[in-house]
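Enquirer: Sharing run-v9.cif here; it has mmCIF, C-alpha atoms and all ligand atoms.
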```
data_run
#
loop_
_atom_site.label_atom_id
_atom_site.label_comp_id
_atom_site.auth_asym_id
_atom_site.auth_seq_id
_atom_site.Cartn_x
_atom_site.Cartn_y
_atom_site.Cartn_z
CA MET A 293 328.79 88.83 -132.27
CA LYS A 294 330.29 88.54 -128.81
CA ILE A 295 329.51 92.16 -128.12
CA ILE A 296 325.88 91.74 -129.14
CA LEU A 297 325.54 88.73 -126.78
CA LEU A 298 327.15 90.70 -123.95
CA VAL A 299 324.82 93.66 -124.48
CA PHE A 300 321.86 91.27 -124.62
CA ALA A 301 322.92 89.62 -121.35
CA GLY A 302 323.33 93.04 -119.77
CA VAL A 303 319.87 94.16 -120.83
CA LEU A 304 318.41 90.89 -119.56
CA LEU A 305 320.07 91.34 -116.17
CA PHE A 306 318.83 94.94 -115.99
CA VAL A 307 315.25 93.89 -116.75
CA LEU A 308 315.49 91.09 -114.18
CA ILE A 309 316.67 93.47 -111.47
CA LEU A 310 313.89 95.90 -112.39
CA VAL A 311 311.27 93.15 -112.12
CA ILE A 312 312.59 92.00 -108.71
CA LEU A 313 312.65 95.56 -107.39
CA SER A 314 309.13 96.32 -108.55
CA VAL A 315 307.78 93.07 -107.08
CA LEU A 316 309.38 93.97 -103.76
CA PHE A 317 307.93 97.47 -103.94
CA ILE A 318 304.42 96.26 -104.76
CA LYS A 319 304.58 93.71 -101.95
CA ARG A 320 305.60 96.38 -99.46
CA SER A 321 302.96 98.87 -100.47
CA PHE A 322 300.25 96.18 -100.24
CA LYS A 323 301.44 95.35 -96.79
CA ASN A 324 301.28 98.93 -95.63
CA SER A 325 298.22 100.37 -97.28
CA GLY A 326 296.59 97.79 -99.45
CA ILE A 327 295.11 94.46 -98.49
CA SER A 328 295.93 94.53 -94.80
CA SER A 329 294.27 97.89 -94.27
CA ILE A 330 291.22 96.68 -96.16
CA LEU A 331 291.17 93.63 -93.91
CA SER A 332 291.43 95.68 -90.76
CA ALA A 333 288.69 98.02 -92.00
CA VAL A 334 286.47 94.99 -92.60
CA LYS A 335 287.29 93.69 -89.13
CA GLN A 336 286.52 97.09 -87.62
CA ALA A 337 283.21 97.32 -89.49
CA ASP A 338 282.37 93.82 -88.32
CA GLU A 339 283.08 94.75 -84.71
CA ASP A 340 281.04 97.94 -85.02
CA GLN A 341 278.18 95.92 -86.40
CA MET A 342 278.48 93.46 -83.53
CA ASN A 343 278.29 96.19 -80.91
CA THR A 344 276.01 98.88 -82.33
CA PRO A 345 272.30 98.35 -81.65
CA LYS A 346 270.09 98.34 -84.74
CA SER A 347 268.37 101.65 -85.43
CA LEU A 348 264.60 101.69 -85.15
CA SER A 349 261.63 103.43 -86.72
CA GLY A 350 261.11 107.08 -85.73
CA THR A 351 257.36 107.20 -86.32
CA GLU A 352 256.23 106.42 -82.78
CA PRO A 353 254.68 109.86 -82.00
CA VAL A 354 252.24 109.56 -84.93
CA TYR A 355 251.04 106.12 -83.88
CA ARG A 356 251.02 107.01 -80.20
CA ASP A 357 248.44 109.72 -80.87
CA MET A 358 246.30 107.35 -82.94
CA ILE A 359 246.42 104.67 -80.24
CA LEU A 360 245.54 107.08 -77.45
CA ARG A 361 242.59 108.35 -79.46
CA ASP A 362 241.17 104.80 -79.62
CA PHE A 363 242.38 103.66 -76.19
CA PRO A 364 242.69 106.71 -73.90
CA GLU A 365 243.76 104.51 -71.00
CA PHE A 366 246.40 102.57 -72.90
CA GLY A 367 249.66 102.57 -70.94
CA ILE A 368 252.34 102.92 -73.58
CA GLU A 369 255.23 102.72 -71.14
CA LEU A 370 253.70 99.70 -69.45
CA ALA A 371 253.30 97.97 -72.82
CA ARG A 372 256.86 98.88 -73.74
CA SER A 373 258.30 97.37 -70.57
CA TYR A 374 256.05 94.37 -71.04
CA ILE A 375 257.51 93.72 -74.53
CA LYS A 376 260.99 94.34 -73.14
CA GLY A 377 260.43 91.68 -70.49
CA PHE A 378 258.82 89.25 -72.88
CA LEU A 379 261.65 88.99 -75.43
CA PRO A 380 264.26 87.40 -73.12
CA GLU A 381 261.59 84.86 -72.08
CA TYR A 382 260.91 84.19 -75.73
CA PHE A 383 264.57 83.48 -76.54
CA ASN A 384 264.78 81.39 -73.40
CA ALA A 385 261.89 79.30 -74.72
CA LEU A 386 263.64 78.87 -78.09
CA SER A 387 266.86 77.79 -76.35
CA SER A 388 265.30 75.45 -73.81
CA GLY A 389 262.52 73.99 -75.94
CA VAL A 390 259.98 74.81 -73.24
CA VAL A 391 257.37 77.43 -74.10
CA PHE A 392 255.67 77.31 -70.72
CA GLY A 393 257.25 80.62 -69.66
CA ILE A 394 255.71 82.63 -72.49
CA ARG A 395 252.28 81.04 -72.59
CA ASP A 396 250.66 83.59 -70.29
CA ASN A 397 251.90 86.56 -72.26
CA CYS A 398 251.21 85.66 -75.84
CA THR A 399 248.29 84.25 -77.80
CA SER A 400 247.92 80.50 -77.58
CA GLN A 401 248.37 80.42 -81.38
CA LEU A 402 251.86 81.89 -81.04
CA ALA A 403 252.81 79.61 -78.15
CA ASP A 404 251.50 76.58 -80.05
CA SER A 405 253.34 77.43 -83.25
CA VAL A 406 256.61 78.01 -81.36
CA GLN A 407 256.07 74.72 -79.50
CA SER A 408 255.41 72.72 -82.66
CA ALA A 409 258.49 74.21 -84.37
CA LEU A 410 260.56 73.16 -81.33
CA ASP A 411 258.96 69.69 -81.24
CA MET A 412 259.75 69.28 -84.93
CA LYS A 413 263.41 70.01 -84.20
CA LYS A 414 263.39 67.45 -81.41
CA THR A 415 261.96 64.70 -83.63
CA GLU A 416 264.47 65.56 -86.35
CA ASN A 417 267.22 65.50 -83.77
CA THR A 418 268.24 69.01 -84.73
CA ARG A 419 269.99 70.93 -82.01
CA LEU A 420 268.07 73.91 -80.68
CA GLU A 421 269.56 77.32 -81.32
CA GLU A 422 270.99 78.63 -78.10
CA TYR A 423 270.51 82.29 -77.30
CA SER A 424 272.31 83.78 -74.35
CA ASN A 425 273.08 87.22 -72.89
CA VAL A 426 269.90 88.58 -74.42
CA LYS A 427 269.70 92.34 -74.08
CA VAL A 428 266.80 94.48 -75.30
CA HIS A 429 268.18 97.95 -76.02
CA ARG A 430 265.08 99.80 -77.10
CA VAL A 431 261.44 99.21 -77.95
CA VAL A 432 259.42 101.63 -80.09
CA ILE A 433 255.98 101.64 -81.70
CA SER A 434 256.31 101.33 -85.48
CA GLY A 435 252.73 100.79 -86.60
CA TYR A 436 249.08 100.78 -85.62
CA LYS A 437 246.00 99.40 -87.32
CA ARG A 438 242.45 98.94 -86.17
CA THR A 439 239.70 96.93 -87.79
CA ASN A 440 236.32 95.80 -86.50
CA GLU A 441 237.87 92.63 -85.21
CA GLU A 442 241.09 93.73 -83.65
CA ALA A 443 243.53 96.49 -82.93
CA LEU A 444 247.16 95.78 -83.76
CA ILE A 445 250.20 97.65 -82.52
CA ASP A 446 253.56 96.87 -84.08
CA PHE A 447 256.58 97.30 -81.87
CA GLU A 448 260.15 97.30 -83.08
CA ALA A 449 262.86 96.12 -80.72
CA ALA A 450 266.64 96.44 -80.95
CA VAL A 451 267.95 93.20 -79.50
CA GLU A 452 271.40 91.76 -78.98
CA TYR A 453 272.32 88.22 -78.07
CA ILE A 454 275.03 85.63 -78.28
CA LYS A 455 274.15 82.79 -80.61
CA GLY A 456 276.61 80.14 -81.65
CA GLY A 457 279.30 81.88 -79.60
CA ARG A 458 278.89 85.11 -81.53
CA LEU A 459 277.49 88.44 -80.38
CA SER A 460 275.09 90.02 -82.87
CA GLN A 461 272.57 92.85 -83.15
CA HIS A 462 269.06 92.42 -84.49
CA LYS A 463 265.78 94.13 -85.13
CA TYR A 464 262.60 92.29 -84.16
CA LYS A 465 259.00 93.12 -84.87
CA VAL A 466 256.54 92.26 -82.12
CA SER A 467 252.81 92.34 -82.90
CA TYR A 468 250.69 93.33 -79.94
CA VAL A 469 247.02 92.64 -80.41
CA TYR A 470 243.81 93.66 -78.70
CA PHE A 471 240.95 91.38 -79.62
CA LEU A 472 237.72 93.27 -80.07
CA GLN A 473 235.58 90.30 -81.00
CA TYR A 474 236.96 87.10 -82.32
CA GLY A 475 240.41 87.53 -83.76
CA SER A 476 241.05 86.38 -87.32
CA ASN A 477 242.50 83.14 -85.94
CA GLY A 478 239.91 82.74 -83.20
CA GLU A 479 242.15 84.36 -80.61
CA ASN A 480 239.39 85.42 -78.28
CA GLU A 481 240.79 84.13 -75.02
CA SER A 482 241.77 87.61 -73.92
CA LEU A 483 238.22 88.80 -74.09
CA LYS A 484 236.25 86.33 -72.07
CA CYS A 485 234.53 87.15 -68.84
CA LYS A 486 236.54 85.71 -65.97
CA ASN A 487 233.35 84.95 -64.10
CA CYS A 488 231.08 83.28 -66.65
CA GLY A 489 233.24 82.88 -69.74
CA ALA A 490 230.97 84.92 -71.99
CA PRO A 491 232.80 86.70 -74.81
CA ILE A 492 233.24 90.44 -74.39
CA SER A 493 232.55 91.89 -77.78
CA SER A 494 233.49 95.53 -77.69
CA VAL A 495 236.46 97.60 -76.64
CA GLY A 496 234.75 99.89 -74.19
CA GLU A 497 232.75 97.29 -72.27
CA LYS A 498 233.18 97.78 -68.51
CA VAL A 499 230.87 95.04 -67.25
CA CYS A 500 230.09 91.61 -68.65
CA PRO A 501 226.86 91.78 -70.74
CA ALA A 502 225.95 88.26 -69.56
CA CYS A 503 226.55 88.30 -65.81
CA GLY A 504 227.32 91.91 -64.93
CA GLU A 505 230.75 91.10 -63.48
CA ALA A 506 233.21 94.01 -63.74
CA ILE A 507 235.72 93.50 -66.50
CA GLU A 508 239.30 93.92 -65.45
CA ALA A 509 241.23 96.04 -67.85
CA SER A 510 244.59 94.59 -66.92
CA ILE A 511 247.04 94.72 -69.80
CA GLU A 512 247.77 90.99 -69.73
CA ARG A 513 244.19 90.13 -70.16
CA THR A 514 243.28 92.44 -72.96
CA TRP A 515 246.46 92.81 -75.01
CA LYS A 516 248.60 89.92 -76.09
CA ILE A 517 251.66 89.33 -78.17
CA ALA A 518 250.56 87.62 -81.36
CA ASP A 519 253.79 87.39 -83.33
CA VAL A 520 257.53 87.84 -83.07
CA LEU A 521 259.50 88.30 -86.28
CA CYS A 522 263.19 88.81 -86.93
CA MET A 523 263.57 91.72 -89.36
CA ALA A 524 267.34 92.02 -89.48
ZN ZN A 601 230.25 87.23 -67.19
#
```
Show the structure stored in the file as structure tokens.
Ligand SMILES: [Zn+2]
Expert:
Amino acid sequence: MKIILLVFAGVLLFVLILVILSVLFIKRSFKNSGISSILSAVKQADEDQMNTPKSLSGTEPVYRDMILRDFPEFGIELARSYIKGFLPEYFNALSSGVVFGIRDNCTSQLADSVQSALDMKKTENTRLEEYSNVKVHRVVISGYKRTNEEALIDFEAAVEYIKGGRLSQHKYKVSYVYFLQYGSNGENESLKCKNCGAPISSVGEKVCPACGEAIEASIERTWKIADVLCMA
């Protein structure tokens, strides 16, 4: 009987030692290759995501040809730099609550809707989102559509900014619209004669049909940003 108990105690001790050793071993291997390396990989991926600009559409050449067929004098590079300059102003407006700075460059519908969203936040006492260190990496054309009423160019922009103390990368879609007659929302301000205010109803018009005044084809007057959308 005594011997059986002794053997039993011995086996128990052996099993206990085995369990302790294997726990130690598992702990060590997790430390070296398991959880901590997964964590550092996640951290690395997070940092990569923070610093790598979003990739953009590669279809610009197709749309560029279509646009130049309809608007031979359209300055693509000018429009691109115009969008590039507009976005920081846009985020500045969102941060400051004052849309005055973007009013000249976008449709009044867009400025009004941004303003009312900001006013809503003010009345609800919600803090405005603060964007800083805005950087526009790249702007490409990602779409083009023309109807009787308007021509619409979609731009995609890779943007980075600091929001809430955190750097992040985003893709924005910017709609750039040329109003042929009256836009679907009545956005005709870009196509009024500066001299007499008569609406200019077709793309190619060089002089005002009402007063004969030459129509300036400056990009600000004829093309306007109609929408800004965060895609990613
Ligand atoms: Zn006129």
Enquirer: Please identify every residue of chain A that has at least one atom no farther than 8 Å from an atom of ligand ZN 601 (chain A), counting all atoms listed in the file, and for each give the shortest atom pair and the distance in Å to one decimal, arranged by chain then increasing number, as CSV.
Expert:
```
residue,atom,partner,partner_atom,distance
A:Lys484,CA,A:ZN601,ZN,7.8
A:Cys485,CA,A:ZN601,ZN,4.6
A:Lys486,CA,A:ZN601,ZN,6.6
A:Asn487,CA,A:ZN601,ZN,4.9
A:Cys488,CA,A:ZN601,ZN,4.1
A:Gly489,CA,A:ZN601,ZN,5.9
A:Ala490,CA,A:ZN601,ZN,5.4
A:Val499,CA,A:ZN601,ZN,7.8
A:Cys500,CA,A:ZN601,ZN,4.6
A:Pro501,CA,A:ZN601,ZN,6.7
A:Ala502,CA,A:ZN601,ZN,5.0
A:Cys503,CA,A:ZN601,ZN,4.1
A:Gly504,CA,A:ZN601,ZN,6.0
A:Glu505,CA,A:ZN601,ZN,5.4
```
Enquirer: Counting only C-alpha atoms, which residue out of A:Ala333, A:Leu370, A:Ala518, A:Ala409 sits closest to A:Glu442?
Expert: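 Ranked by minimum distance to A:Glu442, first place goes to A:Ala518.
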Enquirer: Give the centre and edge lengths of an axis-aligned box, in Å to one decimal, that holds all listed atoms of stretch 367-385 of chain A with 8 Å on each side, as JSON.
Expert:
```
{"center_x": 257.2, "center_y": 91.1, "center_z": -73.0, "size_x": 31.1, "size_y": 39.6, "size_z": 23.1}
```
Enquirer: Between atom CA of A:Ile433 and atom CA of A:Leu402, what distance in Å does the model show, to one decimal?
Expert: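 Computing the Euclidean distance for atom CA of A:Ile433 and atom CA of A:Leu402 yields 20.2 Å.
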Enquirer: In Å, rounded to a single decimal, give me how far atom CA of A:Leu297 is from atom CA of A:Leu310.
Expert: 19.9 Å
Enquirer: Using only C-alpha atoms, can you tell me which of A:Ser314, A:Ser328, A:Gln341, A:Gln407 comes closest to A:His462?
Expert: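 For A:His462, the nearest of the candidates is A:Gln341.
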Enquirer: Could you pull stretch 387-479 of chain A out of the structure just shown and give C-alpha atoms as an mmCIF file, in the first residue's frame?
Expert:
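After the write, decode28.cif holds the following:
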```cif
data_model
loop_
_atom_site.group_PDB
_atom_site.id
_atom_site.type_symbol
_atom_site.label_atom_id
_atom_site.label_comp_id
_atom_site.auth_asym_id
_atom_site.auth_seq_id
_atom_site.Cartn_x
_atom_site.Cartn_y
_atom_site.Cartn_z
ATOM 1 C CA SER A 387 -12.114 73.557 -39.080
ATOM 2 C CA SER A 388 -12.863 77.247 -38.666
ATOM 3 C CA GLY A 389 -16.589 77.201 -39.360
ATOM 4 C CA VAL A 390 -16.178 79.978 -41.913
ATOM 5 C CA VAL A 391 -16.898 79.088 -45.536
ATOM 6 C CA PHE A 392 -16.073 82.530 -46.887
ATOM 7 C CA GLY A 393 -12.722 81.330 -48.268
ATOM 8 C CA ILE A 394 -14.241 78.701 -50.551
ATOM 9 C CA ARG A 395 -17.278 80.609 -51.759
ATOM 10 C CA ASP A 396 -15.606 81.959 -54.896
ATOM 11 C CA ASN A 397 -14.389 78.568 -56.028
ATOM 12 C CA CYS A 398 -17.363 76.308 -55.572
ATOM 13 C CA THR A 399 -21.050 76.438 -56.413
ATOM 14 C CA SER A 400 -23.147 78.423 -53.984
ATOM 15 C CA GLN A 401 -25.094 75.198 -53.322
ATOM 16 C CA LEU A 402 -21.954 73.517 -52.004
ATOM 17 C CA ALA A 403 -20.907 76.530 -49.927
ATOM 18 C CA ASP A 404 -24.429 76.824 -48.501
ATOM 19 C CA SER A 405 -24.676 73.157 -47.592
ATOM 20 C CA VAL A 406 -21.250 73.209 -45.908
ATOM 21 C CA GLN A 407 -22.258 76.387 -44.056
ATOM 22 C CA SER A 408 -25.552 74.952 -42.822
ATOM 23 C CA ALA A 409 -23.833 71.752 -41.639
ATOM 24 C CA LEU A 410 -21.356 73.917 -39.694
ATOM 25 C CA ASP A 411 -24.137 76.139 -38.309
ATOM 26 C CA MET A 412 -25.988 73.020 -37.176
ATOM 27 C CA LYS A 413 -22.910 71.923 -35.236
ATOM 28 C CA LYS A 414 -22.679 75.341 -33.620
ATOM 29 C CA THR A 415 -26.299 75.296 -32.454
ATOM 30 C CA GLU A 416 -25.856 71.758 -31.137
ATOM 31 C CA ASN A 417 -22.685 72.858 -29.396
ATOM 32 C CA THR A 418 -20.748 70.133 -31.150
ATOM 33 C CA ARG A 419 -17.073 70.841 -31.542
ATOM 34 C CA LEU A 420 -15.919 71.311 -35.112
ATOM 35 C CA GLU A 421 -13.547 68.707 -36.491
ATOM 36 C CA GLU A 422 -10.109 70.211 -36.699
ATOM 37 C CA TYR A 423 -8.001 69.411 -39.732
ATOM 38 C CA SER A 424 -4.386 70.475 -39.801
ATOM 39 C CA ASN A 425 -1.241 69.842 -41.866
ATOM 40 C CA VAL A 426 -3.382 69.179 -44.920
ATOM 41 C CA LYS A 427 -1.316 67.857 -47.790
ATOM 42 C CA VAL A 428 -2.677 66.992 -51.232
ATOM 43 C CA HIS A 429 -0.392 64.349 -52.724
ATOM 44 C CA ARG A 430 -1.961 63.800 -56.105
ATOM 45 C CA VAL A 431 -5.026 64.729 -58.130
ATOM 46 C CA VAL A 432 -6.226 62.670 -61.099
ATOM 47 C CA ILE A 433 -9.282 62.636 -63.345
ATOM 48 C CA SER A 434 -11.427 59.582 -62.599
ATOM 49 C CA GLY A 435 -14.574 60.246 -64.586
ATOM 50 C CA TYR A 436 -16.287 62.414 -67.173
ATOM 51 C CA LYS A 437 -19.906 62.795 -68.166
ATOM 52 C CA ARG A 438 -21.702 65.261 -70.369
ATOM 53 C CA THR A 439 -25.407 65.865 -70.691
ATOM 54 C CA ASN A 440 -27.367 68.680 -72.300
ATOM 55 C CA GLU A 441 -27.345 70.568 -69.050
ATOM 56 C CA GLU A 442 -23.859 70.146 -67.752
ATOM 57 C CA ALA A 443 -20.458 68.589 -68.110
ATOM 58 C CA LEU A 444 -19.064 66.868 -65.037
ATOM 59 C CA ILE A 445 -15.465 65.912 -64.388
ATOM 60 C CA ASP A 446 -14.693 63.733 -61.383
ATOM 61 C CA PHE A 447 -11.321 64.213 -59.790
ATOM 62 C CA GLU A 448 -9.790 61.891 -57.237
ATOM 63 C CA ALA A 449 -7.373 63.328 -54.706
ATOM 64 C CA ALA A 450 -4.997 61.588 -52.312
ATOM 65 C CA VAL A 451 -5.065 63.723 -49.187
ATOM 66 C CA GLU A 452 -3.389 63.494 -45.812
ATOM 67 C CA TYR A 453 -4.175 65.466 -42.706
ATOM 68 C CA ILE A 454 -3.979 65.439 -38.954
ATOM 69 C CA LYS A 455 -7.383 65.134 -37.333
ATOM 70 C CA GLY A 456 -7.860 64.547 -33.641
ATOM 71 C CA GLY A 457 -4.086 64.443 -33.204
ATOM 72 C CA ARG A 458 -3.734 61.587 -35.662
ATOM 73 C CA LEU A 459 -2.179 61.558 -39.118
ATOM 74 C CA SER A 460 -4.253 59.725 -41.717
ATOM 75 C CA GLN A 461 -4.488 59.180 -45.471
ATOM 76 C CA HIS A 462 -7.668 59.588 -47.469
ATOM 77 C CA LYS A 463 -9.160 59.536 -50.908
ATOM 78 C CA TYR A 464 -11.558 62.326 -51.858
ATOM 79 C CA LYS A 465 -13.765 62.729 -54.879
ATOM 80 C CA VAL A 466 -14.165 66.268 -56.168
ATOM 81 C CA SER A 467 -16.883 66.994 -58.735
ATOM 82 C CA TYR A 468 -15.971 69.749 -61.140
ATOM 83 C CA VAL A 469 -18.888 71.048 -63.135
ATOM 84 C CA TYR A 470 -19.358 73.180 -66.209
ATOM 85 C CA PHE A 471 -22.874 74.516 -66.463
ATOM 86 C CA LEU A 472 -24.140 74.520 -70.020
ATOM 87 C CA GLN A 473 -27.577 75.887 -69.281
ATOM 88 C CA TYR A 474 -29.176 75.720 -65.918
ATOM 89 C CA GLY A 475 -27.636 73.068 -63.741
ATOM 90 C CA SER A 476 -29.903 70.451 -62.194
ATOM 91 C CA ASN A 477 -29.925 72.469 -58.966
ATOM 92 C CA GLY A 478 -30.167 75.846 -60.680
ATOM 93 C CA GLU A 479 -26.429 76.400 -60.505
#
```
